[in-house]
There are 2 protein chains.
Amino acid sequence: MDALTIHEAAETTGWSPRMLRYVERVGLVEPARSASGYRLYGPAELQRLRTLRELLAGYDIGLSDVAFARRLREEAGLRRDTEAWLEAEAERPDEVPAADWLRFEQEKHQRLLAAVAAT
Amino acid sequence: MDALTIHEAAETTGWSPRMLRYVERVGLVEPARSASGYRLYGPAELQRLRTLRELLAGYDIGLSDVAFARRLREEAGLRRDTEAWLEAEAERPDEVPAADWLRFEQEKHQRLLAAVAAT
DNA sequence: CGAACCTTGACACAACTGTGTCAGGGTTCG
DNA sequence: CGAACCCTGACACAGTTGTGTCAAGGTTCG
């Protein structure tokens, strides 16, 4: 009984009904349905919609960004390869002389081992 | 001496010169410049461009996704809030009775503590 | 010097994201 | 029953991403 229809949910979350349908299609907040197909937003969905709004506005990101973040957390391969690519960028503190390249890699591995051993 | 111009780099990486400039503008691979302003792609940039191509094609993602992943790794607040939002979705193994909500939270915290203690 | 390459800037276009609005047709409830 | 609401589908439009291409002007090098 504590489930709101789409217009009511829109009212209390700040989204428009149109956008609630869109958010659903993107797969971020999928409300239950009544027997006749009406969307039913429960307390959990309402809260998620509110925090989602804050998240998007707070960092100026889009629904597709959040969707991608979810892929990152769910697909291990994607996360691994993306991290690896970004890591290659971060690990070069700006133009290491070519000859130091190998040593740099080795030191990185040693740092990793040390970090693990320290736990 | 081992730096390629934009057309040569395009040739060996599979990108078009146009796209190399675009990738640069997005901020993912920024080559050095010669005195007269020509882009100079060294071995490191060439490798990054090749792996970037594989990454995008392999998971059907875009440059903006990789750029967002970088924001995630660099902005702690963004990462924290995004993770928190996604976590809320994951932690509900499908319709927990309303009364179990609090217990669920507590168990999550205990799981976290247990995981830390186990190291 | 002149061909071949580089630079930036702009026009163009498809596809996707984000929103609004309207149409045709079912549902709810006083 | 009828007003008020819901549903899906579609037309529209602005902004972003991804690419190509062309123009005007500098650089390189045989």
# chains A, B, ... in the order shown; residues from 1 in each chain; ligands from 1
>>> residues_around(residues="range 16-30 of chain C", least_positions_apart="6", cutoff="10 Å", atoms="only C-alpha atoms (C1' of nucleotides)", output="list in words")
Ser16, Arg18, Met19, Tyr22, Ser36, Gly37, Tyr38, Gly62, Leu63 and Ser64 of chain A; DA3, DA4, DC5, DC6, DC7, DT8, DG9, DA10, DC11, DA12, DC13, DA14, DG15, DT16 and DT17 of chain D
>>> interface_residues(of="chain D", to="chain B", cutoff="9 Å", atoms="only C-alpha atoms (C1' of nucleotides)", output="number ranges by chain")
D: 17-20, 26-27
>>> write_last_selection(atoms="C-alpha atoms (C1' of nucleotides)", output="short mmCIF file (atom, residue, chain, number, x, y, z; two decimals), in the first residue's frame")
data_model
loop_
_atom_site.label_atom_id
_atom_site.label_comp_id
_atom_site.auth_asym_id
_atom_site.auth_seq_id
_atom_site.Cartn_x
_atom_site.Cartn_y
_atom_site.Cartn_z
"C1'" DT D 17 30.42 11.60 -29.13
"C1'" DG D 18 32.67 9.94 -33.05
"C1'" DT D 19 34.37 10.65 -37.75
"C1'" DG D 20 35.30 12.55 -42.36
"C1'" DG D 26 53.21 27.06 -41.53
"C1'" DT D 27 57.26 23.19 -41.81
#
>>> closest_residue(among="B:Ala3, B:Leu28, B:Val23, B:Leu40", to="chain C", atoms="only C-alpha atoms (C1' of nucleotides)")
B:Leu40
>>> atom_distance(atom1="CA of Asp60 in chain A", atom2="CA of Val29 in chain A")
19.0 Å
>>> closest_atom_pairs(of="chain A", to="chain B", cutoff="9 Å", atoms="only C-alpha atoms", output="Markdown table")
| residue | atom | partner | partner_atom | distance |
| --- | --- | --- | --- | --- |
| A:Leu28 | CA | B:Glu89 | CA | 8.9 |
| A:Val29 | CA | B:Glu89 | CA | 8.9 |
| A:Arg48 | CA | B:Trp85 | CA | 7.5 |
| A:Thr51 | CA | B:Trp85 | CA | 7.4 |
| A:Leu52 | CA | B:Trp85 | CA | 7.3 |
| A:Leu55 | CA | B:Asp81 | CA | 6.9 |
| A:Gly58 | CA | B:Leu78 | CA | 8.6 |
| A:Tyr59 | CA | B:Leu78 | CA | 6.8 |
| A:Ile61 | CA | B:Phe68 | CA | 8.7 |
| A:Ser64 | CA | B:Asp65 | CA | 8.7 |
| A:Asp65 | CA | B:Phe68 | CA | 6.8 |
| A:Val66 | CA | B:Thr82 | CA | 7.1 |
| A:Phe68 | CA | B:Asp65 | CA | 6.8 |
| A:Ala69 | CA | B:Ala69 | CA | 7.5 |
| A:Arg70 | CA | B:Leu86 | CA | 6.7 |
| A:Leu72 | CA | B:Ala69 | CA | 8.4 |
| A:Arg73 | CA | B:Glu83 | CA | 8.7 |
| A:Gly77 | CA | B:Tyr59 | CA | 8.9 |
| A:Leu78 | CA | B:Tyr59 | CA | 6.7 |
| A:Asp81 | CA | B:Leu55 | CA | 6.9 |
| A:Thr82 | CA | B:Leu55 | CA | 7.1 |
| A:Glu83 | CA | B:Ala69 | CA | 8.1 |
| A:Trp85 | CA | B:Leu52 | CA | 7.2 |
| A:Leu86 | CA | B:Arg70 | CA | 6.7 |
| A:Ala88 | CA | B:Arg48 | CA | 8.1 |
| A:Glu89 | CA | B:Arg48 | CA | 8.5 |
| A:Thr119 | CA | B:Thr119 | CA | 6.6 |
>>> atom_distance(atom1="C1' of DT7 in chain C", atom2="CA of Arg50 in chain B")
24.0 Å
>>> residues_around(residues="Gly14 in chain A", least_positions_apart="6", cutoff="10 Å", atoms="only C-alpha atoms (C1' of nucleotides)", output="count of residues only")
4
